[in-house]
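**Student:** My structure is stored as entry_0.json, with JSON, C-alpha atoms.
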```
[["chain", "number", "residue", "atom", "x", "y", "z"],
["A", 74, "MET", "CA", 44.34, -14.17, 66.73],
["A", 75, "LYS", "CA", 42.85, -10.73, 67.24],
["A", 76, "ASN", "CA", 44.78, -9.45, 64.20],
["A", 77, "ILE", "CA", 43.53, -12.38, 62.11],
["A", 78, "GLY", "CA", 39.94, -11.74, 63.19],
["A", 79, "ALA", "CA", 40.21, -8.06, 62.35],
["A", 80, "TYR", "CA", 41.77, -8.98, 59.03],
["A", 81, "LEU", "CA", 38.90, -11.32, 58.18],
["A", 82, "VAL", "CA", 36.32, -8.72, 59.20],
["A", 83, "GLY", "CA", 38.05, -6.13, 57.04],
["A", 84, "LEU", "CA", 38.22, -8.55, 54.11],
["A", 85, "PHE", "CA", 34.52, -9.36, 54.43],
["A", 86, "ALA", "CA", 33.66, -5.67, 54.58],
["A", 87, "LEU", "CA", 35.75, -5.08, 51.46],
["A", 88, "LEU", "CA", 33.98, -7.88, 49.64],
["A", 89, "VAL", "CA", 30.62, -6.45, 50.61],
["A", 90, "ILE", "CA", 31.66, -3.01, 49.39],
["A", 91, "LEU", "CA", 32.97, -4.44, 46.12],
["A", 92, "THR", "CA", 29.75, -6.41, 45.66],
["A", 93, "MET", "CA", 27.70, -3.27, 46.19],
["A", 94, "SER", "CA", 29.95, -1.31, 43.82],
["A", 95, "PHE", "CA", 29.28, -3.39, 40.71],
["A", 96, "PHE", "CA", 26.12, -4.24, 38.84],
["A", 97, "THR", "CA", 25.22, -5.91, 35.56],
["A", 98, "VAL", "CA", 22.86, -4.89, 32.79],
["A", 99, "ASP", "CA", 21.11, -7.62, 30.78],
["A", 100, "GLN", "CA", 20.75, -7.31, 27.00],
["A", 101, "ARG", "CA", 16.97, -7.16, 27.46],
["A", 102, "GLU", "CA", 16.94, -4.10, 29.72],
["A", 103, "PHE", "CA", 18.08, -0.56, 30.46],
["A", 104, "ALA", "CA", 19.43, 0.64, 33.81],
["A", 105, "LEU", "CA", 19.15, 4.10, 35.38],
["A", 106, "VAL", "CA", 21.70, 5.05, 38.03],
["A", 107, "PHE", "CA", 20.40, 7.48, 40.68],
["A", 108, "ARG", "CA", 22.48, 9.45, 43.20],
["A", 109, "LEU", "CA", 20.54, 11.14, 45.94],
["A", 110, "GLY", "CA", 17.42, 10.87, 43.81],
["A", 111, "GLU", "CA", 18.91, 12.38, 40.65],
["A", 112, "ILE", "CA", 19.64, 10.47, 37.44],
["A", 113, "ILE", "CA", 23.38, 10.51, 36.88],
["A", 114, "SER", "CA", 23.77, 7.76, 34.30],
["A", 115, "VAL", "CA", 21.83, 5.67, 31.77],
["A", 116, "LYS", "CA", 23.14, 2.23, 30.90],
["A", 117, "LYS", "CA", 21.74, 1.04, 27.56],
["A", 118, "GLU", "CA", 24.33, -1.58, 26.63],
["A", 119, "PRO", "CA", 24.69, -4.93, 28.41],
["A", 120, "GLY", "CA", 27.74, -5.40, 30.64],
["A", 121, "LEU", "CA", 29.31, -4.93, 34.08],
["A", 122, "TYR", "CA", 29.22, -1.39, 35.56],
["A", 123, "PHE", "CA", 30.46, 0.45, 38.68],
["A", 124, "LYS", "CA", 28.40, 2.52, 41.13],
["A", 125, "VAL", "CA", 29.10, 4.21, 44.41],
["A", 126, "PRO", "CA", 27.88, 2.03, 47.26],
["A", 127, "LEU", "CA", 25.18, 3.42, 49.53],
["A", 128, "LEU", "CA", 24.91, 6.59, 47.42],
["A", 129, "ASP", "CA", 23.81, 5.20, 44.06],
["A", 130, "ASP", "CA", 20.53, 3.39, 43.40],
["A", 131, "LEU", "CA", 19.44, 1.42, 40.33],
["A", 132, "LYS", "CA", 16.21, 1.08, 38.40],
["A", 133, "TYR", "CA", 15.79, -1.33, 35.51],
["A", 134, "PHE", "CA", 13.46, -0.98, 32.48],
["A", 135, "ASP", "CA", 12.57, -3.63, 29.92],
["A", 136, "LYS", "CA", 13.71, -2.67, 26.41],
["A", 137, "ARG", "CA", 11.70, -5.42, 24.63],
["A", 138, "ILE", "CA", 8.60, -4.71, 22.50],
["A", 139, "VAL", "CA", 5.37, -4.63, 24.51],
["A", 140, "THR", "CA", 1.83, -5.12, 23.17],
["A", 141, "LEU", "CA", -0.95, -2.77, 24.22],
["A", 142, "ASP", "CA", -4.20, -4.57, 23.41],
["A", 143, "SER", "CA", -7.39, -2.68, 24.17],
["A", 144, "GLU", "CA", -9.72, -4.56, 26.48],
["A", 145, "GLN", "CA", -12.90, -3.07, 25.00],
["A", 146, "PRO", "CA", -13.45, -2.06, 21.35],
["A", 147, "ALA", "CA", -13.92, 1.66, 20.79],
["A", 148, "GLU", "CA", -17.03, 3.21, 19.24],
["A", 149, "ILE", "CA", -15.82, 5.53, 16.44],
["A", 150, "ILE", "CA", -17.96, 7.76, 14.18],
["A", 151, "THR", "CA", -17.12, 8.07, 10.47],
["A", 152, "SER", "CA", -17.60, 11.07, 8.20],
["A", 153, "GLU", "CA", -21.08, 9.71, 7.37],
["A", 154, "ASN", "CA", -22.03, 9.75, 11.08],
["A", 155, "LYS", "CA", -22.00, 5.96, 11.12],
["A", 156, "THR", "CA", -20.85, 4.36, 14.36],
["A", 157, "MET", "CA", -18.17, 1.71, 13.89],
["A", 158, "THR", "CA", -16.79, -0.74, 16.43],
["A", 159, "VAL", "CA", -12.98, -0.65, 16.23],
["A", 160, "ASP", "CA", -10.63, -3.08, 17.97],
["A", 161, "SER", "CA", -6.92, -2.29, 17.74],
["A", 162, "PHE", "CA", -3.54, -3.04, 19.32],
["A", 163, "VAL", "CA", -0.21, -1.20, 19.55],
["A", 164, "LYS", "CA", 3.36, -2.49, 19.63],
["A", 165, "TRP", "CA", 5.71, -0.20, 21.59],
["A", 166, "ARG", "CA", 9.01, -0.15, 23.49],
["A", 167, "ILE", "CA", 11.11, 2.16, 25.64],
["A", 168, "VAL", "CA", 13.89, 3.99, 23.75],
["A", 169, "ASP", "CA", 14.71, 6.82, 26.21],
["A", 170, "PRO", "CA", 14.58, 5.38, 29.74],
["A", 171, "SER", "CA", 15.41, 8.65, 31.52],
["A", 172, "ARG", "CA", 12.60, 10.56, 29.77],
["A", 173, "TYR", "CA", 10.30, 7.62, 30.25],
["A", 174, "TYR", "CA", 10.99, 7.56, 33.98],
["A", 175, "VAL", "CA", 10.50, 11.32, 34.35],
["A", 176, "SER", "CA", 7.25, 11.16, 32.37],
["A", 177, "VAL", "CA", 5.56, 8.22, 34.07],
["A", 178, "LYS", "CA", 7.27, 8.42, 37.52],
["A", 179, "GLU", "CA", 5.99, 5.65, 39.72],
["A", 180, "GLY", "CA", 3.10, 4.81, 37.41],
["A", 181, "GLY", "CA", 5.41, 2.66, 35.33],
["A", 182, "GLU", "CA", 4.12, 0.69, 32.37],
["A", 183, "SER", "CA", 0.44, 1.15, 33.27],
["A", 184, "ALA", "CA", 0.77, 4.94, 33.20],
["A", 185, "ALA", "CA", 2.60, 4.80, 29.87],
["A", 186, "GLU", "CA", -0.04, 2.56, 28.34],
["A", 187, "ASP", "CA", -2.83, 4.82, 29.59],
["A", 188, "ARG", "CA", -1.26, 7.81, 27.87],
["A", 189, "LEU", "CA", -0.56, 5.79, 24.73],
["A", 190, "ALA", "CA", -4.16, 4.50, 24.66],
["A", 191, "GLN", "CA", -5.43, 8.08, 24.81],
["A", 192, "VAL", "CA", -3.17, 9.06, 21.89],
["A", 193, "VAL", "CA", -4.30, 6.08, 19.79],
["A", 194, "ASN", "CA", -7.98, 6.64, 20.57],
["A", 195, "ALA", "CA", -7.77, 10.32, 19.62],
["A", 196, "GLY", "CA", -5.92, 9.41, 16.42],
["A", 197, "LEU", "CA", -8.54, 6.80, 15.49],
["A", 198, "ARG", "CA", -11.35, 9.29, 15.93],
["A", 199, "ASP", "CA", -9.52, 11.81, 13.79],
["A", 200, "GLU", "CA", -8.68, 9.32, 11.01],
["A", 201, "PHE", "CA", -12.16, 7.75, 10.93],
["A", 202, "GLY", "CA", -13.82, 11.16, 11.05],
["A", 203, "LYS", "CA", -12.26, 11.99, 7.69],
["A", 204, "ARG", "CA", -13.35, 8.79, 5.95],
["A", 205, "THR", "CA", -16.45, 6.89, 4.88],
["A", 206, "VAL", "CA", -17.50, 3.42, 6.03],
["A", 207, "HIS", "CA", -16.14, 1.85, 2.83],
["A", 208, "ASP", "CA", -12.80, 3.57, 3.29],
["A", 209, "VAL", "CA", -12.26, 2.42, 6.86],
["A", 210, "ILE", "CA", -13.37, -1.15, 6.16],
["A", 211, "SER", "CA", -11.36, -1.87, 3.04],
["A", 212, "GLY", "CA", -10.34, 1.05, 0.86],
["A", 213, "GLU", "CA", -7.90, 2.92, 3.11],
["A", 214, "ARG", "CA", -7.30, 0.53, 6.00],
["A", 215, "ARG", "CA", -3.54, 0.40, 5.36],
["A", 216, "ALA", "CA", -3.29, 4.20, 5.17],
["A", 217, "ILE", "CA", -5.17, 4.54, 8.46],
["A", 218, "MET", "CA", -2.77, 2.18, 10.25],
["A", 219, "ASP", "CA", 0.31, 3.93, 8.80],
["A", 220, "ASN", "CA", -0.98, 7.37, 9.75],
["A", 221, "MET", "CA", -1.83, 6.13, 13.22],
["A", 222, "ARG", "CA", 1.64, 4.68, 13.73],
["A", 223, "ILE", "CA", 3.35, 7.91, 12.63],
["A", 224, "ARG", "CA", 1.08, 10.09, 14.76],
["A", 225, "ALA", "CA", 1.23, 7.87, 17.84],
["A", 226, "ASP", "CA", 5.01, 7.52, 17.55],
["A", 227, "LYS", "CA", 5.42, 11.30, 17.41],
["A", 228, "GLU", "CA", 3.36, 11.72, 20.56],
["A", 229, "ALA", "CA", 4.99, 8.76, 22.30],
["A", 230, "ARG", "CA", 8.53, 10.10, 21.78],
["A", 231, "GLN", "CA", 7.68, 12.85, 24.26],
["A", 232, "ILE", "CA", 7.51, 10.25, 27.04],
["A", 233, "GLY", "CA", 10.53, 8.27, 25.84],
["A", 234, "ILE", "CA", 8.85, 5.39, 23.99],
["A", 235, "GLN", "CA", 8.66, 4.32, 20.34],
["A", 236, "VAL", "CA", 5.51, 3.05, 18.66],
["A", 237, "VAL", "CA", 6.61, 0.17, 16.45],
["A", 238, "ASP", "CA", 3.24, -0.67, 14.91],
["A", 239, "VAL", "CA", -0.49, 0.05, 15.12],
["A", 240, "ARG", "CA", -2.95, -2.53, 13.85],
["A", 241, "LEU", "CA", -6.71, -2.66, 13.43],
["A", 242, "LYS", "CA", -7.85, -6.13, 14.44],
["A", 243, "ARG", "CA", -11.53, -5.59, 13.71],
["A", 244, "VAL", "CA", -13.56, -2.85, 12.12],
["A", 245, "ASP", "CA", -17.27, -3.58, 12.13],
["A", 246, "TYR", "CA", -20.62, -1.86, 12.26],
["A", 247, "SER", "CA", -22.18, -1.17, 15.61],
["A", 248, "GLU", "CA", -24.94, -3.53, 16.72],
["A", 249, "GLN", "CA", -27.76, -1.22, 15.58],
["A", 250, "ILE", "CA", -26.22, -0.61, 12.16],
["A", 251, "SER", "CA", -25.30, -4.28, 11.75],
["A", 252, "LYS", "CA", -28.93, -5.29, 12.20],
["A", 253, "SER", "CA", -30.13, -2.84, 9.55],
["A", 254, "VAL", "CA", -27.31, -3.92, 7.21],
["A", 255, "TYR", "CA", -28.15, -7.59, 7.67],
["A", 256, "ASP", "CA", -31.86, -6.90, 7.10],
["A", 257, "ARG", "CA", -31.00, -5.02, 3.91],
["A", 258, "MET", "CA", -28.73, -7.87, 2.79],
["A", 259, "ILE", "CA", -31.49, -10.41, 3.45],
["A", 260, "ALA", "CA", -33.99, -8.32, 1.49],
["A", 261, "GLU", "CA", -31.52, -7.89, -1.38],
["A", 262, "ARG", "CA", -30.77, -11.60, -1.50],
["A", 263, "GLY", "CA", -34.51, -12.34, -1.42],
["A", 264, "ARG", "CA", -35.05, -9.98, -4.36],
["A", 265, "ILE", "CA", -32.25, -11.64, -6.32],
["A", 266, "ALA", "CA", -33.63, -15.10, -5.48],
["A", 267, "ASN", "CA", -37.10, -14.11, -6.70],
["A", 268, "GLN", "CA", -35.61, -12.66, -9.88],
["A", 269, "LEU", "CA", -33.66, -15.86, -10.51],
["A", 270, "ARG", "CA", -36.77, -17.96, -9.90],
["A", 271, "SER", "CA", -38.74, -15.80, -12.34],
["A", 272, "GLU", "CA", -36.02, -16.02, -14.96],
["A", 273, "GLY", "CA", -35.80, -19.77, -14.40],
["A", 274, "ALA", "CA", -39.57, -20.19, -14.81],
["A", 275, "ALA", "CA", -39.48, -18.16, -18.03],
["A", 276, "ALA", "CA", -36.57, -20.21, -19.36],
["A", 277, "SER", "CA", -38.41, -23.40, -18.38],
["A", 278, "GLU", "CA", -41.52, -22.34, -20.28],
["A", 279, "LYS", "CA", -39.42, -21.40, -23.28],
["A", 280, "ILE", "CA", -37.68, -24.80, -23.22],
["A", 281, "ARG", "CA", -41.02, -26.62, -22.91],
["A", 282, "ALA", "CA", -42.52, -24.61, -25.78],
["A", 283, "ASP", "CA", -39.50, -25.30, -27.94],
["A", 284, "ALA", "CA", -39.63, -29.00, -27.05],
["A", 285, "ASP", "CA", -43.38, -29.15, -27.90],
["A", 286, "LYS", "CA", -42.71, -27.39, -31.19],
["A", 287, "GLN", "CA", -39.92, -29.83, -32.06],
["A", 288, "ARG", "CA", -42.19, -32.72, -31.05],
["A", 289, "GLU", "CA", -44.94, -31.52, -33.39],
["A", 290, "VAL", "CA", -42.41, -31.02, -36.19],
["A", 291, "ILE", "CA", -40.96, -34.49, -35.67],
["A", 292, "ILE", "CA", -44.43, -36.08, -35.57],
["A", 293, "ALA", "CA", -45.49, -34.18, -38.69],
["A", 294, "GLU", "CA", -42.32, -35.19, -40.52],
["A", 295, "ALA", "CA", -42.75, -38.79, -39.38],
["A", 296, "PHE", "CA", -46.40, -38.81, -40.49],
["A", 297, "GLY", "CA", -45.39, -37.31, -43.84],
["A", 298, "ASN", "CA", -42.68, -39.93, -44.27],
["A", 299, "ALA", "CA", -45.14, -42.68, -43.26],
["A", 300, "GLN", "CA", -47.73, -41.46, -45.73],
["A", 301, "LYS", "CA", -45.09, -41.21, -48.38],
["A", 302, "MET", "CA", -43.89, -44.74, -47.67],
["A", 303, "LYS", "CA", -47.48, -45.98, -47.55],
["A", 304, "GLY", "CA", -48.23, -44.35, -50.88],
["A", 305, "GLU", "CA", -45.10, -45.84, -52.36],
["A", 306, "GLY", "CA", -46.12, -49.23, -50.94],
["A", 307, "ASP", "CA", -49.63, -48.92, -52.33],
["A", 308, "ALA", "CA", -48.24, -47.92, -55.70],
["A", 309, "LYS", "CA", -45.85, -50.83, -55.62],
["A", 310, "ALA", "CA", -48.66, -53.19, -54.61],
["A", 311, "ALA", "CA", -50.88, -51.82, -57.37],
["A", 312, "GLU", "CA", -48.04, -52.28, -59.78],
["A", 313, "ILE", "CA", -47.62, -55.89, -58.64],
["A", 314, "TYR", "CA", -51.36, -56.50, -58.84],
["A", 315, "SER", "CA", -51.48, -54.96, -62.28],
["A", 316, "SER", "CA", -48.57, -57.07, -63.42],
["A", 317, "ALA", "CA", -50.17, -60.21, -62.02],
["A", 318, "TYR", "CA", -53.57, -59.33, -63.52],
["A", 319, "SER", "CA", -52.12, -58.73, -66.95],
["A", 320, "LYS", "CA", -50.49, -62.16, -66.91],
["A", 321, "ASN", "CA", -53.71, -64.05, -66.05],
["A", 322, "PRO", "CA", -56.81, -61.86, -65.69],
["A", 323, "GLU", "CA", -59.14, -64.77, -65.06],
["A", 324, "PHE", "CA", -57.02, -66.18, -62.20],
["A", 325, "TYR", "CA", -56.61, -62.73, -60.69],
["A", 326, "ALA", "CA", -60.38, -62.21, -60.73],
["A", 327, "PHE", "CA", -60.88, -65.62, -59.16],
["A", 328, "TYR", "CA", -58.28, -64.91, -56.45],
["A", 329, "ARG", "CA", -59.81, -61.54, -55.62],
["A", 330, "SER", "CA", -63.25, -63.17, -55.34],
["A", 331, "GLN", "CA", -61.89, -65.78, -52.93],
["A", 332, "GLU", "CA", -60.48, -63.01, -50.78],
["A", 333, "ALA", "CA", -63.82, -61.26, -50.85],
["A", 334, "TYR", "CA", -65.65, -64.48, -49.82],
["A", 335, "LYS", "CA", -63.18, -65.03, -46.99],
["A", 336, "ASN", "CA", -63.61, -61.53, -45.62],
["A", 337, "SER", "CA", -67.40, -61.57, -46.02],
["A", 338, "PHE", "CA", -68.08, -64.90, -44.32],
["A", 339, "LYS", "CA", -65.75, -64.73, -41.33],
["A", 340, "SER", "CA", -68.48, -65.30, -38.76],
["A", 341, "LYS", "CA", -71.35, -67.80, -38.89],
["A", 342, "SER", "CA", -73.70, -65.13, -37.63],
["A", 343, "ASP", "CA", -73.01, -62.87, -40.58],
["A", 344, "ILE", "CA", -76.05, -62.42, -42.84],
["A", 345, "MET", "CA", -76.02, -60.99, -46.36],
["A", 346, "VAL", "CA", -79.11, -60.42, -48.47],
["A", 347, "LEU", "CA", -78.07, -60.64, -52.13],
["A", 348, "ASP", "CA", -79.48, -61.89, -55.38],
["A", 349, "PRO", "CA", -78.06, -65.39, -56.04],
["A", 350, "LYS", "CA", -77.51, -64.31, -59.59],
["A", 351, "SER", "CA", -75.41, -61.41, -58.42],
["A", 352, "GLU", "CA", -71.92, -60.97, -59.87],
["A", 353, "PHE", "CA", -70.63, -61.49, -56.34],
["A", 354, "PHE", "CA", -71.54, -65.18, -56.45],
["A", 355, "LYS", "CA", -70.06, -65.67, -59.88],
["A", 356, "TYR", "CA", -67.51, -68.28, -58.83],
["A", 357, "MET", "CA", -69.87, -70.03, -56.44],
["A", 358, "ARG", "CA", -72.18, -71.04, -59.24],
["A", 359, "SER", "CA", -69.47, -72.86, -61.23],
["A", 360, "ALA", "CA", -65.69, -73.09, -61.30],
["A", 361, "GLY", "CA", -65.70, -71.18, -64.55],
["A", 362, "GLY", "CA", -68.12, -68.58, -63.23],
["A", 363, "LYS", "CA", -71.02, -69.83, -65.24]]
```
Produce structure tokens that represent the structure in this file.
**Tutor:**
Amino acid sequence: MKNIGAYLVGLFALLVILTMSFFTVDQREFALVFRLGEIISVKKEPGLYFKVPLLDDLKYFDKRIVTLDSEQPAEIITSENKTMTVDSFVKWRIVDPSRYYVSVKEGGESAAEDRLAQVVNAGLRDEFGKRTVHDVISGERRAIMDNMRIRADKEARQIGIQVVDVRLKRVDYSEQISKSVYDRMIAERGRIANQLRSEGAAASEKIRADADKQREVIIAEAFGNAQKMKGEGDAKAAEIYSSAYSKNPEFYAFYRSQEAYKNSFKSKSDIMVLDPKSEFFKYMRSAGGK
């Protein structure tokens, strides 16, 4: 029984030693193997590895891409001495875990991001200091980001990390400049609005004048056509009267006299002072005018 117990104790101790002798590395991480505080091995590939129990220690580092997003936008001055508010972010990852560990020590990711933020901030000030407001807002935005990525990556390699990308989320005027810009925009838009109103009023007057002119022309043409038609009608009527008169002059004279009597004595209150022997009463004296 004592031999069996010792055997079991020895087997358990062996299992414990074997368990402490092996470790795994995930595909999402690196592993540093330390012996007495010194780095003796770097495991970059996933798999099962061996270490000396009690002598070797492990430290894992994430190999995935990390985003460094600035909490507060930076105030950057352009070549025109204009202050711009710049908000940016950086994509980075560890590529040399041993150098990374030596560089940041126990500070870890926070220490690395602090150093990277300093590099990016200095690069932004340098890039913006060489450009105008128009360049940094639209003209050379892509060039700024590319230059920043190359510069930041070069600096970051010294601490064992790679800068994958640098992006400018927002580039805007500072509050003081924004107010003056907005005021200038408002004034400019007001000037354009007044100009458009003035041009519209001028066009309106021109249209009205043209419409009045056309109206007068149309009325004049219509009046001319009416007078022409009236003249033609009068001529036609005269022709008809002349034709009728030539056929029976005596009847025509009688008919015209009847029309004259009718128009002269429309109202009972009408009074005419004439000589009874006047030619006007010719057909009132006798049917034959005698």
**Student:** Can you measure atom CA of Ala147 of chain A to atom CA of Ile232 of chain A for me? One decimal in Å is fine.
**Tutor:**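 Taking atom CA of Ala147 of chain A as the start and atom CA of Ile232 of chain A as the end point, the length is 23.9 Å.
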**Student:** Please report the interatomic distance between atom CA of His207 of chain A and atom CA of Asp238 of chain A in Å with one decimal.
**Tutor:**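 Separation of atom CA of His207 of chain A and atom CA of Asp238 of chain A: 23.0 Å.
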**Student:** Which residue gives the smallest distance to Val209 of chain A among A:Gln100, A:Thr158, A:Asn267, A:Ser143, with all atoms listed in the file counted?
**Tutor:**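 That would be A:Thr158, the residue with the smallest distance to Val209 of chain A.
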**Student:** Hey, can I get the axis-aligned box for segment 201-210 of chain A? All listed atoms, 5 Å padding on each side, centre and edge lengths in Å to one decimal, as JSON.
**Tutor:**
```
{"center_x": -14.8, "center_y": 5.4, "center_z": 6.9, "size_x": 15.3, "size_y": 23.1, "size_z": 18.2}
```
**Student:** Write out as a list in words which residues come within 10 Å of Val106 of chain A when counting all atoms listed in the file, dropping same-chain ones fewer than 2 positions away.
**Tutor:**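 My reading of the contact set: Ala104, Arg108, Gly110, Glu111, Ile112, Ile113, Ser114, Val115, Lys116, Phe123, Lys124, Val125, Asp129, Asp130, Leu131, Lys132, Tyr133 and Ser171 of chain A.
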**Student:** Just how far from atom CA of Asp160 of chain A is atom CA of Thr140 of chain A, in Å to one decimal?
**Tutor:**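 Interatomic distance, atom CA of Thr140 of chain A to atom CA of Asp160 of chain A: 13.7 Å.
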**Student:** I need the residue nearest Asp199 of chain A from this list: A:Thr156, A:Ser211, A:Thr151, A:Asn298. Use all atoms listed in the file for the distance.
**Tutor:**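 Closest residue, counting all atoms listed in the file: A:Thr151.
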**Student:** Taking (6.1, 9.7, 21.6) in the coordinates of the supplied file, I want to know which residues reach to within 12 Å of it, counting all atoms listed in the file; could you give the answer as JSON, numbers by chain?
**Tutor:** {"A": [165, 166, 167, 168, 169, 172, 173, 176, 185, 186, 188, 189, 190, 192, 193, 222, 223, 224, 225, 226, 227, 228, 229, 230, 231, 232, 233, 234, 235, 236, 237]}
**Student:** Which residue gives the smallest distance to Lys117 of chain A among A:Gln145, A:Pro170, A:Ala184, A:Val139, with all atoms listed in the file counted?
**Tutor:**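 Comparing A:Gln145, A:Pro170, A:Ala184, A:Val139 against Lys117 of chain A, the winner is A:Pro170.
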